[in-house]
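Structure record follows, encoded as structure tokens.
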Amino acid sequence: EATTGRTKASELSGLGQRMPWAFAAFAFAALSLAGAPPLAGAWSLMWLIASAAKAGLFWAAGLAVLSALLTFAAFGPIALKGLFAKAPEHPFDRPDAASAFVIAPTALAGLVTLLVLFFADALARFLGPGLSP
């Protein structure tokens, strides 16, 4: 909304033609939330499914898979329509784009997520002594 003035998901079709980085980031986030490997969401989904199956709670493992599928069903079409539909004639209400107060926190969160991915072992070793009972 900060840049386009749009507030509904149905109004986002084609905006990926004008905002490719934003919609590519949204597509990756949607895939990660749905648990697509090798993105971060896949690890938590895998651990939930494996732990539930190990405990004999196969219904819980099935719910985790169903949750991932429903998440993809909800966010996937938005990302696809945003990236591949025809661009709207008047995509922006504010031609000066989004402010730094909108972009900076999102970019910082993405950078921290990438750093945690690459330094997960070092972080686990650092936190390990404080987490043991």
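If you're wondering about the labels, chains in the structure tokens are A, B, ... by order shown, residues count from 1 in each chain, ligands from 1 in order shown.
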Give me, as a Markdown table, each residue of region 25-50 of chain A that comes within 10 Å of region 55-63 of chain A, together with its shortest interatomic pair and the distance in Å at one decimal, counting only C-alpha atoms, with rows ordered by chain and rising residue number.
| residue | atom | partner | partner_atom | distance |
| --- | --- | --- | --- | --- |
| A:Leu45 | CA | A:Ala61 | CA | 9.1 |
| A:Met46 | CA | A:Ala61 | CA | 9.3 |
| A:Trp47 | CA | A:Ala61 | CA | 9.8 |
| A:Leu48 | CA | A:Ala61 | CA | 6.9 |
| A:Ile49 | CA | A:Ala61 | CA | 4.5 |
| A:Ala50 | CA | A:Ala61 | CA | 7.5 |
query = Got a sec to tell me which of region 16-123 of chain A DSSP assigns to alpha helix (DSSP H), as number ranges by chain?
reply = A: 20-33, 40-54, 58-84, 100-118, 120-123
task = Considering only C-alpha atoms, state which residue in the set A:Ala68, A:Leu15, A:Gly82, A:Pro20 is at the smallest distance from Ala34 (chain A).
result =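 With only C-alpha atoms as the atom set, the closest residue is A:Ala68.
The neighbours of Ser32 (chain A) here are the residues that come within 10 Å of it, using only C-alpha atoms and leaving out any residue fewer than 3 positions away in the same chain; they are A:Phe26, A:Ala27, A:Phe28, A:Ala29, A:Gly35, A:Ala36, A:Pro37, A:Pro38, A:Leu39, A:Ala40, A:Gly41, A:Ala42, A:Trp43, A:Leu45, A:Ala68, A:Thr71, A:Phe72.
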Serialized selection, C-alpha atoms, as an mmCIF file, in the first residue's frame:
data_model
loop_
_atom_site.group_PDB
_atom_site.id
_atom_site.type_symbol
_atom_site.label_atom_id
_atom_site.label_comp_id
_atom_site.auth_asym_id
_atom_site.auth_seq_id
_atom_site.Cartn_x
_atom_site.Cartn_y
_atom_site.Cartn_z
ATOM 1 C CA PHE A 26 7.118 -12.243 -2.034
ATOM 2 C CA ALA A 27 7.287 -15.402 -4.150
ATOM 3 C CA PHE A 28 10.298 -16.684 -2.189
ATOM 4 C CA ALA A 29 8.563 -15.862 1.094
ATOM 5 C CA GLY A 35 7.853 -25.407 3.243
ATOM 6 C CA ALA A 36 9.509 -25.651 -0.174
ATOM 7 C CA PRO A 37 13.070 -26.987 0.024
ATOM 8 C CA PRO A 38 15.764 -25.681 0.406
ATOM 9 C CA LEU A 39 14.178 -22.558 1.915
ATOM 10 C CA ALA A 40 14.003 -21.991 5.672
ATOM 11 C CA GLY A 41 10.381 -23.107 6.033
ATOM 12 C CA ALA A 42 11.265 -26.559 4.728
ATOM 13 C CA TRP A 43 13.422 -27.330 7.760
ATOM 14 C CA LEU A 45 8.165 -28.529 8.256
ATOM 15 C CA ALA A 68 1.885 -26.419 3.875
ATOM 16 C CA THR A 71 -0.370 -22.033 2.559
ATOM 17 C CA PHE A 72 0.872 -22.570 -0.985
#
ask   = So what do you get for CA of Ala79 (chain A) versus CA of Val112 (chain A), distance-wise?
value =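 Answer for the CA of Ala79 (chain A) to CA of Val112 (chain A) separation: 23.1 Å.
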